[in-house]
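See structure below.
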Amino acid sequence: KNEMERSEARLITEEGRKRIVALANEHGDKLRLVIGVDIGATNTRVAVSQFNSSELFEIYKERFQATPALMVALQKIEVEMQELLNNNTRVAAACVAGAGPIDEGRVLKITNFELSVRELHRDNLPKHIFPRGKSLLINDLEATCYGISSINASSTLPTYFERLWSSHDNLPHSDPKEHDSELLSSSDSSDTLISGHYLVVAVGTGLGAAVLLQQKGCNELNWTAFPTESGHTQIISPNSNDPNFEQEKKVMDYIGRKVYGKENNYVIEYEDIVSGRGLVSVYEAISEGNKSKGAEEIVNGAERGERDCLEAVEVHYRYLMRLLKNLSITFQVKGVFLAGDNQVTNNGVFKGILGKLKEEFLFVPKVEWVNHVALYVQKERFNINLHGAVQYAKLNSQLSANKSPKL
């Protein structure tokens, strides 16, 4: 009974405990571990990897809405790892990824948490599993970038992403077996990204965006991840000559009142439309507040052809395309990646309106600035942020303090 009670109180999974002990027995004092943490809107996950291995395994998963509770869990995980490794945790590097801005690399302001309890301070993390000088905080989309680079380096990119359109395609398509030679390297049989900049976007509880930027003057694949908060930029009002003007004006007015109140005149942000809550708001506006559905119900309704649901989904993704083309022009990217489990779930309805979406993406005065951009969508569930956090920790540990981690 006492053993069962201790087991139930443990945070590290039984499988995680076995693998940690097995690594310690195999490598002894030479063992160097890396800790990765992904603070998601649904769950926070903790993973462990060997420093010189591309594999990782998850040891803990739980949902949090405040940093004090998260810190208690991390402290308990530290105690459990010390017990498993005889008070020698042997962690060489660590990284925590989460949604929100980071203040001078020291404080992550987690936007998924309540305002009063959202600050995560790097120097307050438990020091045995987050070693001082070897632990980092990064934006969640920054982690996604490093995750994409990691699977690209291992030639497994096509396993997790498929191309829906590419440069010079006259019509969008979804055949992942055909590859654009300008986006994909033909130097060997594997499908890998070539040099250039790539935009990475994830739509979920919020709207995240980051860019894989190729280092200036580098001919090899030498990237750095640049996080942005462009999901919080304000939407440009639709042109009065646009055939969707009346519909979009109604949507924007409704969401403006709902989010910011009748007394405010703020222009809404992209995330107010392009997010789970944004899709719900768009649906409410289109149905004139007479119906109530969750985001998943709306997507399912759109797949069945329900008019209000389909219109809401089209508006939701239309504004995503507008953000993507603006960022593609800004950063002069060669490709766009739509990442995350939400994209995997919604691929059916997304592909159903793909022609309209590509038309919107290419609807710019200087179409030659975007008609070369390829679009990739995630097709398999895979915690890419967790892999990215581990990858970033390893890269940082290998470089001197005055250099930025590169890929």
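Identifiers in this document derive from the order of the structure tokens: chains are assigned A, B, ..., residues are numbered from 1 separately in each chain, and ligands are numbered from 1 in order of occurrence.
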### Task
Please provide the set of residues having any atom within 8 Å of A:Gly100, restricted to only C-alpha atoms, with same-chain residues fewer than 3 positions apart removed, written as a VMD selection string.
chain A and resid 108 to 111 139 to 140 229
Write a file of the just-selected residues containing all heavy atoms, as an mmCIF file, in the first residue's frame.
```
data_model
loop_
_atom_site.group_PDB
_atom_site.id
_atom_site.type_symbol
_atom_site.label_atom_id
_atom_site.label_comp_id
_atom_site.auth_asym_id
_atom_site.auth_seq_id
_atom_site.Cartn_x
_atom_site.Cartn_y
_atom_site.Cartn_z
ATOM 1 N N LEU A 108 9.975 34.773 -19.012
ATOM 2 C CA LEU A 108 8.988 34.418 -20.019
ATOM 3 C C LEU A 108 7.614 34.805 -19.484
ATOM 4 O O LEU A 108 7.205 34.355 -18.405
ATOM 5 C CB LEU A 108 9.043 32.907 -20.305
ATOM 6 C CG LEU A 108 7.916 32.315 -21.154
ATOM 7 C CD1 LEU A 108 7.889 32.933 -22.540
ATOM 8 C CD2 LEU A 108 8.057 30.805 -21.231
ATOM 9 N N LYS A 109 6.915 35.642 -20.229
ATOM 10 C CA LYS A 109 5.570 36.078 -19.833
ATOM 11 C C LYS A 109 4.558 35.232 -20.596
ATOM 12 O O LYS A 109 4.205 35.525 -21.728
ATOM 13 C CB LYS A 109 5.401 37.563 -20.119
ATOM 14 C CG LYS A 109 6.397 38.412 -19.333
ATOM 15 C CD LYS A 109 6.302 39.891 -19.670
ATOM 16 C CE LYS A 109 7.339 40.685 -18.882
ATOM 17 N NZ LYS A 109 7.305 42.123 -19.202
ATOM 18 N N ILE A 110 4.093 34.172 -19.945
ATOM 19 C CA ILE A 110 3.296 33.136 -20.599
ATOM 20 C C ILE A 110 1.879 33.645 -20.843
ATOM 21 O O ILE A 110 1.089 33.805 -19.906
ATOM 22 C CB ILE A 110 3.275 31.856 -19.749
ATOM 23 C CG1 ILE A 110 4.712 31.420 -19.414
ATOM 24 C CG2 ILE A 110 2.538 30.738 -20.471
ATOM 25 C CD1 ILE A 110 4.805 30.362 -18.343
ATOM 26 N N THR A 111 1.548 33.881 -22.089
ATOM 27 C CA THR A 111 0.256 34.497 -22.420
ATOM 28 C C THR A 111 -0.919 33.564 -22.162
ATOM 29 O O THR A 111 -2.060 34.022 -22.066
ATOM 30 C CB THR A 111 0.233 34.948 -23.889
ATOM 31 O OG1 THR A 111 0.619 33.849 -24.730
ATOM 32 C CG2 THR A 111 1.206 36.094 -24.121
ATOM 33 N N ASN A 139 10.549 31.483 -26.977
ATOM 34 C CA ASN A 139 9.177 31.570 -27.441
ATOM 35 C C ASN A 139 8.756 30.237 -28.062
ATOM 36 O O ASN A 139 9.576 29.528 -28.643
ATOM 37 C CB ASN A 139 9.090 32.717 -28.458
ATOM 38 C CG ASN A 139 7.732 32.833 -29.088
ATOM 39 O OD1 ASN A 139 7.471 32.232 -30.114
ATOM 40 N ND2 ASN A 139 6.868 33.627 -28.482
ATOM 41 N N ASP A 140 7.481 29.884 -27.942
ATOM 42 C CA ASP A 140 7.038 28.584 -28.446
ATOM 43 C C ASP A 140 7.233 28.432 -29.951
ATOM 44 O O ASP A 140 7.608 27.356 -30.435
ATOM 45 C CB ASP A 140 5.575 28.318 -28.066
ATOM 46 C CG ASP A 140 4.612 29.386 -28.574
ATOM 47 O OD1 ASP A 140 5.054 30.503 -28.919
ATOM 48 O OD2 ASP A 140 3.390 29.115 -28.616
ATOM 49 N N GLU A 229 5.698 38.632 -32.596
ATOM 50 C CA GLU A 229 4.361 38.680 -32.004
ATOM 51 C C GLU A 229 3.402 39.271 -33.033
ATOM 52 O O GLU A 229 2.515 40.054 -32.708
ATOM 53 C CB GLU A 229 4.381 39.515 -30.718
ATOM 54 C CG GLU A 229 5.141 38.891 -29.562
ATOM 55 C CD GLU A 229 4.516 37.595 -29.059
ATOM 56 O OE1 GLU A 229 3.294 37.406 -29.271
ATOM 57 O OE2 GLU A 229 5.239 36.764 -28.469
#
```
### Message
Which of stretch 159-365 of chain A end up as strand (DSSP E) when DSSP is run on this backbone - answer as a ChimeraX atom specification?
### Response
/A:161-165,198-203,207-214,223-228,335-339
### Query
So which residues touch A:Ser116 within 10 Å, counting only C-alpha atoms, skipping near sequence neighbours fewer than 2 positions away, as a PyMOL selection string?
chain A and resi 66-67+113-114+118-119
Export of prior selection with all heavy atoms as a PDB file, in the first residue's frame:
```pdb
ATOM      1  N   ALA A  66      -0.937  28.598 -14.170  1.00  0.00           N
ATOM      2  CA  ALA A  66      -0.227  29.574 -13.338  1.00  0.00           C
ATOM      3  C   ALA A  66       1.195  29.072 -13.074  1.00  0.00           C
ATOM      4  O   ALA A  66       1.418  27.869 -12.926  1.00  0.00           O
ATOM      5  CB  ALA A  66      -0.963  29.790 -12.011  1.00  0.00           C
ATOM      6  N   THR A  67       2.145  30.000 -13.008  1.00  0.00           N
ATOM      7  CA  THR A  67       3.538  29.607 -12.811  1.00  0.00           C
ATOM      8  C   THR A  67       3.834  29.021 -11.428  1.00  0.00           C
ATOM      9  O   THR A  67       4.691  28.130 -11.335  1.00  0.00           O
ATOM     10  CB  THR A  67       4.483  30.803 -13.067  1.00  0.00           C
ATOM     11  OG1 THR A  67       4.035  31.932 -12.314  1.00  0.00           O
ATOM     12  CG2 THR A  67       4.509  31.153 -14.541  1.00  0.00           C
ATOM     13  N   PHE A 113      -1.357  31.967 -19.424  1.00  0.00           N
ATOM     14  CA  PHE A 113      -1.627  32.008 -17.989  1.00  0.00           C
ATOM     15  C   PHE A 113      -2.309  33.321 -17.611  1.00  0.00           C
ATOM     16  O   PHE A 113      -2.269  34.294 -18.364  1.00  0.00           O
ATOM     17  CB  PHE A 113      -0.322  31.866 -17.193  1.00  0.00           C
ATOM     18  CG  PHE A 113       0.305  30.505 -17.246  1.00  0.00           C
ATOM     19  CD1 PHE A 113      -0.258  29.472 -17.990  1.00  0.00           C
ATOM     20  CD2 PHE A 113       1.477  30.242 -16.542  1.00  0.00           C
ATOM     21  CE1 PHE A 113       0.330  28.218 -18.034  1.00  0.00           C
ATOM     22  CE2 PHE A 113       2.066  28.986 -16.587  1.00  0.00           C
ATOM     23  CZ  PHE A 113       1.492  27.974 -17.324  1.00  0.00           C
ATOM     24  N   GLU A 114      -2.910  33.318 -16.432  1.00  0.00           N
ATOM     25  CA  GLU A 114      -3.530  34.538 -15.920  1.00  0.00           C
ATOM     26  C   GLU A 114      -2.465  35.611 -15.712  1.00  0.00           C
ATOM     27  O   GLU A 114      -1.318  35.318 -15.379  1.00  0.00           O
ATOM     28  CB  GLU A 114      -4.247  34.258 -14.595  1.00  0.00           C
ATOM     29  CG  GLU A 114      -5.463  33.341 -14.709  1.00  0.00           C
ATOM     30  CD  GLU A 114      -6.582  33.952 -15.532  1.00  0.00           C
ATOM     31  OE1 GLU A 114      -6.750  35.183 -15.466  1.00  0.00           O
ATOM     32  OE2 GLU A 114      -7.278  33.203 -16.242  1.00  0.00           O
ATOM     33  N   ARG A 118       1.745  34.871 -14.590  1.00  0.00           N
ATOM     34  CA  ARG A 118       2.250  34.396 -15.875  1.00  0.00           C
ATOM     35  C   ARG A 118       3.755  34.512 -16.039  1.00  0.00           C
ATOM     36  O   ARG A 118       4.305  34.000 -17.012  1.00  0.00           O
ATOM     37  CB  ARG A 118       1.568  35.132 -17.025  1.00  0.00           C
ATOM     38  CG  ARG A 118       1.878  36.606 -17.136  1.00  0.00           C
ATOM     39  CD  ARG A 118       1.290  37.218 -18.410  1.00  0.00           C
ATOM     40  NE  ARG A 118      -0.048  36.759 -18.713  1.00  0.00           N
ATOM     41  CZ  ARG A 118      -0.857  37.338 -19.593  1.00  0.00           C
ATOM     42  NH1 ARG A 118      -0.440  38.388 -20.265  1.00  0.00           N
ATOM     43  NH2 ARG A 118      -2.061  36.865 -19.802  1.00  0.00           N
ATOM     44  N   GLU A 119       4.465  35.167 -15.125  1.00  0.00           N
ATOM     45  CA  GLU A 119       5.902  35.355 -15.296  1.00  0.00           C
ATOM     46  C   GLU A 119       6.693  34.152 -14.797  1.00  0.00           C
ATOM     47  O   GLU A 119       6.577  33.749 -13.646  1.00  0.00           O
ATOM     48  CB  GLU A 119       6.370  36.622 -14.581  1.00  0.00           C
ATOM     49  CG  GLU A 119       5.880  37.901 -15.238  1.00  0.00           C
ATOM     50  CD  GLU A 119       6.580  39.133 -14.697  1.00  0.00           C
ATOM     51  OE1 GLU A 119       7.378  38.997 -13.728  1.00  0.00           O
ATOM     52  OE2 GLU A 119       6.336  40.235 -15.221  1.00  0.00           O
TER      53      GLU A 119
END
```
Please provide as a CSV table (one decimal) with all heavy atoms, in the first residue's frame all residues within 12 Å of A:Ser135, with the sequence filter that same-chain residues fewer than 6 positions apart are discarded (counting only C-alpha atoms).
```
chain,number,residue,atom,x,y,z
A,34,VAL,N,19.8,16.2,-21.4
A,34,VAL,CA,19.2,17.5,-21.8
A,34,VAL,C,17.7,17.5,-21.4
A,34,VAL,O,17.0,16.5,-21.7
A,34,VAL,CB,19.4,17.8,-23.3
A,34,VAL,CG1,18.7,19.1,-23.7
A,34,VAL,CG2,20.9,17.9,-23.6
A,35,ILE,N,17.3,18.6,-20.8
A,35,ILE,CA,15.8,18.7,-20.4
A,35,ILE,C,15.1,19.7,-21.4
A,35,ILE,O,15.6,20.8,-21.6
A,35,ILE,CB,15.7,19.2,-19.0
A,35,ILE,CG1,16.4,18.2,-18.0
A,35,ILE,CG2,14.2,19.4,-18.6
A,35,ILE,CD1,15.7,16.9,-17.8
A,36,GLY,N,14.0,19.3,-21.9
A,36,GLY,CA,13.2,20.2,-22.7
A,36,GLY,C,11.8,20.3,-22.1
A,36,GLY,O,11.2,19.3,-21.6
A,37,VAL,N,11.2,21.5,-22.0
A,37,VAL,CA,9.9,21.8,-21.5
A,37,VAL,C,9.1,22.6,-22.5
A,37,VAL,O,9.6,23.6,-23.0
A,37,VAL,CB,9.9,22.5,-20.2
A,37,VAL,CG1,8.5,22.8,-19.6
A,37,VAL,CG2,10.8,21.8,-19.1
A,91,VAL,N,22.6,16.8,-15.7
A,91,VAL,CA,21.9,17.6,-16.8
A,91,VAL,C,22.9,18.6,-17.3
A,91,VAL,O,23.4,19.5,-16.6
A,91,VAL,CB,20.6,18.3,-16.3
A,91,VAL,CG1,20.0,19.2,-17.4
A,91,VAL,CG2,19.6,17.3,-15.8
A,92,ALA,N,23.2,18.5,-18.6
A,92,ALA,CA,24.2,19.4,-19.3
A,92,ALA,C,23.5,20.7,-19.8
A,92,ALA,O,24.2,21.7,-19.9
A,92,ALA,CB,24.9,18.7,-20.4
A,93,ALA,N,22.3,20.7,-20.1
A,93,ALA,CA,21.6,21.8,-20.7
A,93,ALA,C,20.1,21.7,-20.6
A,93,ALA,O,19.6,20.5,-20.5
A,93,ALA,CB,22.0,22.0,-22.2
A,94,ALA,N,19.3,22.8,-20.7
A,94,ALA,CA,17.9,22.7,-20.6
A,94,ALA,C,17.3,23.9,-21.3
A,94,ALA,O,17.9,25.0,-21.4
A,94,ALA,CB,17.4,22.7,-19.1
A,95,CYS,N,16.0,23.8,-21.7
A,95,CYS,CA,15.3,24.8,-22.3
A,95,CYS,C,13.8,24.7,-22.1
A,95,CYS,O,13.3,23.6,-22.1
A,95,CYS,CB,15.6,24.8,-23.8
A,95,CYS,SG,14.8,26.1,-24.8
A,96,VAL,N,13.2,25.9,-21.8
A,96,VAL,CA,11.8,26.0,-21.6
A,96,VAL,C,11.2,26.8,-22.7
A,96,VAL,O,11.6,27.9,-23.0
A,96,VAL,CB,11.4,26.6,-20.2
A,96,VAL,CG1,9.9,26.7,-20.1
A,96,VAL,CG2,12.0,25.8,-19.1
A,97,ALA,N,10.2,26.3,-23.4
A,97,ALA,CA,9.5,27.0,-24.5
A,97,ALA,C,8.1,27.3,-24.1
A,97,ALA,O,7.4,26.4,-23.5
A,97,ALA,CB,9.5,26.2,-25.8
A,105,GLY,N,15.9,37.4,-22.1
A,105,GLY,CA,16.2,36.0,-21.9
A,105,GLY,C,16.0,35.5,-20.5
A,105,GLY,O,16.3,34.4,-20.2
A,106,ARG,N,15.5,36.4,-19.6
A,106,ARG,CA,15.4,36.0,-18.2
A,106,ARG,C,13.9,35.7,-17.7
A,106,ARG,O,13.7,34.9,-16.8
A,106,ARG,CB,15.9,37.1,-17.3
A,106,ARG,CG,17.4,37.4,-17.5
A,106,ARG,CD,17.9,38.6,-16.7
A,106,ARG,NE,19.3,38.8,-16.9
A,106,ARG,CZ,20.3,38.3,-16.2
A,106,ARG,NH1,20.0,37.4,-15.3
A,106,ARG,NH2,21.5,38.6,-16.5
A,121,HIS,N,10.5,33.0,-14.2
A,121,HIS,CA,11.8,33.5,-14.1
A,121,HIS,C,12.9,32.4,-14.3
A,121,HIS,O,12.8,31.4,-13.5
A,121,HIS,CB,12.0,34.3,-12.8
A,121,HIS,CG,11.2,35.5,-12.7
A,121,HIS,ND1,11.8,36.8,-12.8
A,121,HIS,CD2,9.9,35.7,-12.5
A,121,HIS,CE1,10.8,37.7,-12.6
A,121,HIS,NE2,9.7,37.1,-12.4
A,122,ARG,N,13.8,32.6,-15.3
A,122,ARG,CA,14.8,31.6,-15.5
A,122,ARG,C,15.6,31.2,-14.3
A,122,ARG,O,15.9,30.1,-14.0
A,122,ARG,CB,15.7,32.1,-16.7
A,122,ARG,CG,16.7,31.1,-17.1
A,122,ARG,CD,17.8,31.7,-17.9
A,122,ARG,NE,18.5,32.8,-17.2
A,122,ARG,CZ,19.3,33.7,-17.7
A,122,ARG,NH1,19.5,33.7,-19.0
A,122,ARG,NH2,19.9,34.6,-17.0
A,123,ASP,N,16.0,32.2,-13.6
A,123,ASP,CA,16.9,32.0,-12.4
A,123,ASP,C,16.2,31.4,-11.2
A,123,ASP,O,16.9,31.0,-10.3
A,123,ASP,CB,17.6,33.3,-12.0
A,123,ASP,CG,18.5,33.9,-13.1
A,123,ASP,OD1,18.9,33.1,-14.0
A,123,ASP,OD2,18.8,35.1,-13.1
A,124,ASN,N,14.9,31.3,-11.3
A,124,ASN,CA,14.2,30.6,-10.2
A,124,ASN,C,13.9,29.1,-10.5
A,124,ASN,O,13.4,28.4,-9.6
A,124,ASN,CB,12.8,31.3,-9.9
A,124,ASN,CG,13.0,32.7,-9.3
A,124,ASN,OD1,14.1,33.0,-8.8
A,124,ASN,ND2,12.0,33.5,-9.4
A,125,LEU,N,14.2,28.7,-11.7
A,125,LEU,CA,14.0,27.3,-12.0
A,125,LEU,C,15.0,26.4,-11.2
A,125,LEU,O,16.1,26.8,-10.8
A,125,LEU,CB,14.3,27.1,-13.5
A,125,LEU,CG,13.4,27.7,-14.5
A,125,LEU,CD1,13.9,27.7,-15.9
A,125,LEU,CD2,12.0,27.0,-14.4
A,126,PRO,N,14.5,25.2,-10.8
A,126,PRO,CA,15.4,24.3,-10.0
A,126,PRO,C,16.7,24.0,-10.6
A,126,PRO,O,16.8,23.5,-11.8
A,126,PRO,CB,14.5,23.0,-9.8
A,126,PRO,CG,13.5,23.1,-10.8
A,126,PRO,CD,13.2,24.6,-11.1
A,127,LYS,N,17.8,24.4,-9.9
A,127,LYS,CA,19.1,24.4,-10.6
A,127,LYS,C,19.7,23.1,-11.0
A,127,LYS,O,20.6,23.1,-11.8
A,127,LYS,CB,20.1,25.2,-9.6
A,127,LYS,CG,20.4,24.5,-8.3
A,127,LYS,CD,21.3,25.3,-7.4
A,127,LYS,CE,21.6,24.6,-6.1
A,127,LYS,NZ,22.5,25.4,-5.3
A,128,HIS,N,19.3,22.0,-10.4
A,128,HIS,CA,19.9,20.7,-10.7
A,128,HIS,C,19.4,20.2,-12.0
A,128,HIS,O,20.2,19.4,-12.7
A,128,HIS,CB,19.6,19.7,-9.6
A,128,HIS,CG,20.3,20.0,-8.3
A,128,HIS,ND1,21.7,20.0,-8.2
A,128,HIS,CD2,19.8,20.3,-7.1
A,128,HIS,CE1,22.0,20.3,-6.9
A,128,HIS,NE2,20.9,20.5,-6.3
A,129,ILE,N,18.2,20.6,-12.5
A,129,ILE,CA,17.8,20.1,-13.8
A,129,ILE,C,17.7,21.3,-14.8
A,129,ILE,O,17.5,21.1,-16.0
A,129,ILE,CB,16.4,19.4,-13.7
A,129,ILE,CG1,15.3,20.3,-13.1
A,129,ILE,CG2,16.5,18.1,-13.0
A,129,ILE,CD1,13.9,19.7,-13.2
A,389,ALA,N,12.8,22.6,-28.3
A,389,ALA,CA,13.4,23.1,-27.1
A,389,ALA,C,14.7,22.3,-26.7
A,389,ALA,O,15.7,22.9,-26.3
A,389,ALA,CB,12.4,23.0,-26.0
A,390,VAL,N,14.6,21.0,-26.9
A,390,VAL,CA,15.8,20.1,-26.7
A,390,VAL,C,16.9,20.5,-27.6
A,390,VAL,O,18.1,20.6,-27.2
A,390,VAL,CB,15.4,18.6,-26.8
A,390,VAL,CG1,16.6,17.8,-26.8
A,390,VAL,CG2,14.5,18.2,-25.6
A,392,TYR,N,17.5,23.3,-29.2
A,392,TYR,CA,18.0,24.6,-28.9
A,392,TYR,C,19.0,24.6,-27.7
A,392,TYR,O,20.0,25.2,-27.7
A,392,TYR,CB,16.9,25.6,-28.6
A,392,TYR,CG,17.3,27.0,-28.5
A,392,TYR,CD1,17.6,27.8,-29.6
A,392,TYR,CD2,17.4,27.7,-27.3
A,392,TYR,CE1,18.0,29.1,-29.5
A,392,TYR,CE2,17.8,29.0,-27.2
A,392,TYR,CZ,18.1,29.7,-28.3
A,392,TYR,OH,18.5,31.0,-28.2
A,393,ALA,N,18.6,23.8,-26.7
A,393,ALA,CA,19.4,23.6,-25.5
A,393,ALA,C,20.8,23.0,-25.9
A,393,ALA,O,21.8,23.5,-25.4
A,393,ALA,CB,18.7,22.7,-24.4
A,394,LYS,N,20.8,22.0,-26.7
A,394,LYS,CA,22.0,21.4,-27.2
A,394,LYS,C,22.9,22.3,-27.9
A,394,LYS,O,24.1,22.4,-27.7
A,394,LYS,CB,21.7,20.1,-28.0
A,394,LYS,CG,21.0,19.0,-27.3
A,394,LYS,CD,20.7,17.9,-28.2
A,394,LYS,CE,20.0,16.7,-27.4
A,394,LYS,NZ,19.7,15.6,-28.3
A,395,LEU,N,22.3,23.1,-28.9
A,395,LEU,CA,23.0,24.0,-29.7
A,395,LEU,C,23.7,25.1,-28.8
A,395,LEU,O,24.8,25.5,-29.0
A,395,LEU,CB,22.1,24.7,-30.7
A,395,LEU,CG,21.6,23.8,-31.9
A,395,LEU,CD1,20.5,24.4,-32.6
A,395,LEU,CD2,22.8,23.5,-32.8
A,396,ASN,N,22.9,25.6,-27.9
A,396,ASN,CA,23.4,26.7,-27.0
A,396,ASN,C,24.6,26.2,-26.2
A,396,ASN,O,25.6,26.9,-26.0
A,396,ASN,CB,22.3,27.2,-26.1
A,396,ASN,CG,22.8,28.3,-25.1
A,396,ASN,OD1,23.0,29.4,-25.5
A,396,ASN,ND2,23.0,27.9,-23.9
A,397,SER,N,24.5,25.0,-25.7
A,397,SER,CA,25.5,24.4,-24.9
A,397,SER,C,26.8,24.2,-25.7
A,397,SER,O,27.9,24.3,-25.1
A,397,SER,CB,25.1,23.1,-24.3
A,397,SER,OG,26.1,22.5,-23.4
A,401,ALA,N,29.5,31.8,-25.2
A,401,ALA,CA,28.4,32.6,-24.6
A,401,ALA,C,28.2,33.9,-25.5
A,401,ALA,O,27.1,34.4,-25.4
A,401,ALA,CB,28.9,33.1,-23.2
```
### Query
Any idea what's packed within 8 Å of stretch 200-213 of chain A, counting only C-alpha atoms, ignoring anything in its chain fewer than 5 positions away? Could you give it as a PyMOL selection string?
chain A and resi 41+99+140-142+144-145+223-231+270-271+274-277+331+336-340+342-343
### Query
Can you tell me, as a VMD selection string, what residues are no more than 8 Å from stretch 250-260 of chain A when counting only C-alpha atoms, ignoring any on the same chain fewer than 3 positions away?
chain A and resid 246 to 247 263 to 268 272 281 to 282 285 to 286
Could those selected residues go to a file with N, CA, C and O atoms, as a PDB file, in the first residue's frame?
```pdb
ATOM      1  N   GLU A 246     -18.999  43.742 -46.809  1.00  0.00           N
ATOM      2  CA  GLU A 246     -20.085  43.828 -45.828  1.00  0.00           C
ATOM      3  C   GLU A 246     -19.965  42.726 -44.780  1.00  0.00           C
ATOM      4  O   GLU A 246     -20.163  42.975 -43.587  1.00  0.00           O
ATOM      5  N   GLN A 247     -19.652  41.527 -45.233  1.00  0.00           N
ATOM      6  CA  GLN A 247     -19.501  40.409 -44.299  1.00  0.00           C
ATOM      7  C   GLN A 247     -18.356  40.662 -43.329  1.00  0.00           C
ATOM      8  O   GLN A 247     -18.506  40.495 -42.108  1.00  0.00           O
ATOM      9  N   GLU A 263     -17.134  50.959 -25.778  1.00  0.00           N
ATOM     10  CA  GLU A 263     -16.567  52.299 -25.584  1.00  0.00           C
ATOM     11  C   GLU A 263     -15.210  52.468 -26.247  1.00  0.00           C
ATOM     12  O   GLU A 263     -14.715  53.593 -26.377  1.00  0.00           O
ATOM     13  N   ASN A 264     -14.566  51.375 -26.661  1.00  0.00           N
ATOM     14  CA  ASN A 264     -13.242  51.458 -27.274  1.00  0.00           C
ATOM     15  C   ASN A 264     -13.324  51.406 -28.793  1.00  0.00           C
ATOM     16  O   ASN A 264     -14.235  50.802 -29.359  1.00  0.00           O
ATOM     17  N   ASN A 265     -12.357  52.059 -29.448  1.00  0.00           N
ATOM     18  CA  ASN A 265     -12.321  52.085 -30.908  1.00  0.00           C
ATOM     19  C   ASN A 265     -11.103  51.347 -31.461  1.00  0.00           C
ATOM     20  O   ASN A 265     -10.648  51.648 -32.558  1.00  0.00           O
ATOM     21  N   TYR A 266     -10.579  50.393 -30.690  1.00  0.00           N
ATOM     22  CA  TYR A 266      -9.413  49.655 -31.154  1.00  0.00           C
ATOM     23  C   TYR A 266      -9.739  48.861 -32.417  1.00  0.00           C
ATOM     24  O   TYR A 266     -10.817  48.272 -32.550  1.00  0.00           O
ATOM     25  N   VAL A 267      -8.773  48.834 -33.339  1.00  0.00           N
ATOM     26  CA  VAL A 267      -8.868  47.930 -34.474  1.00  0.00           C
ATOM     27  C   VAL A 267      -8.453  46.548 -33.984  1.00  0.00           C
ATOM     28  O   VAL A 267      -7.459  46.404 -33.266  1.00  0.00           O
ATOM     29  N   ILE A 268      -9.199  45.522 -34.336  1.00  0.00           N
ATOM     30  CA  ILE A 268      -8.914  44.189 -33.808  1.00  0.00           C
ATOM     31  C   ILE A 268      -7.599  43.642 -34.364  1.00  0.00           C
ATOM     32  O   ILE A 268      -7.095  44.104 -35.385  1.00  0.00           O
ATOM     33  N   ASP A 272      -7.499  37.880 -33.062  1.00  0.00           N
ATOM     34  CA  ASP A 272      -8.917  37.956 -32.696  1.00  0.00           C
ATOM     35  C   ASP A 272      -9.800  37.222 -33.698  1.00  0.00           C
ATOM     36  O   ASP A 272     -10.966  36.927 -33.404  1.00  0.00           O
ATOM     37  N   SER A 281     -15.779  33.553 -32.474  1.00  0.00           N
ATOM     38  CA  SER A 281     -16.302  34.919 -32.598  1.00  0.00           C
ATOM     39  C   SER A 281     -16.805  35.205 -34.011  1.00  0.00           C
ATOM     40  O   SER A 281     -17.837  35.848 -34.204  1.00  0.00           O
ATOM     41  N   VAL A 282     -16.054  34.732 -35.007  1.00  0.00           N
ATOM     42  CA  VAL A 282     -16.479  34.922 -36.401  1.00  0.00           C
ATOM     43  C   VAL A 282     -17.815  34.230 -36.639  1.00  0.00           C
ATOM     44  O   VAL A 282     -18.728  34.789 -37.262  1.00  0.00           O
ATOM     45  N   ALA A 285     -20.623  36.193 -35.116  1.00  0.00           N
ATOM     46  CA  ALA A 285     -20.947  37.378 -35.919  1.00  0.00           C
ATOM     47  C   ALA A 285     -21.768  37.011 -37.151  1.00  0.00           C
ATOM     48  O   ALA A 285     -22.753  37.681 -37.477  1.00  0.00           O
ATOM     49  N   ILE A 286     -21.372  35.953 -37.833  1.00  0.00           N
ATOM     50  CA  ILE A 286     -22.066  35.542 -39.058  1.00  0.00           C
ATOM     51  C   ILE A 286     -23.467  35.031 -38.752  1.00  0.00           C
ATOM     52  O   ILE A 286     -24.426  35.305 -39.490  1.00  0.00           O
TER      53      ILE A 286
END
```
#### Entry: Shell of 10 Å around A:Lys61, only C-alpha atoms, local chain residues under 6 positions omitted, as a list in words
Leu11, Ile12, Thr13, Val37, Asp38, Ile39, Thr42, Asn43, Thr44, Arg45, Val46 and Ala47 of chain A
### Query
So which one's closest to A:Ala9, A:Ile236, A:Ala374, A:Ile77, A:Ile194? Using only C-alpha atoms, please.
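Nearest to A:Ala9: A:Ile77.
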### Query
Which distance in Å separates atom CA of A:His372 and atom CA of A:Asn222, to one decimal?
21.5 Å
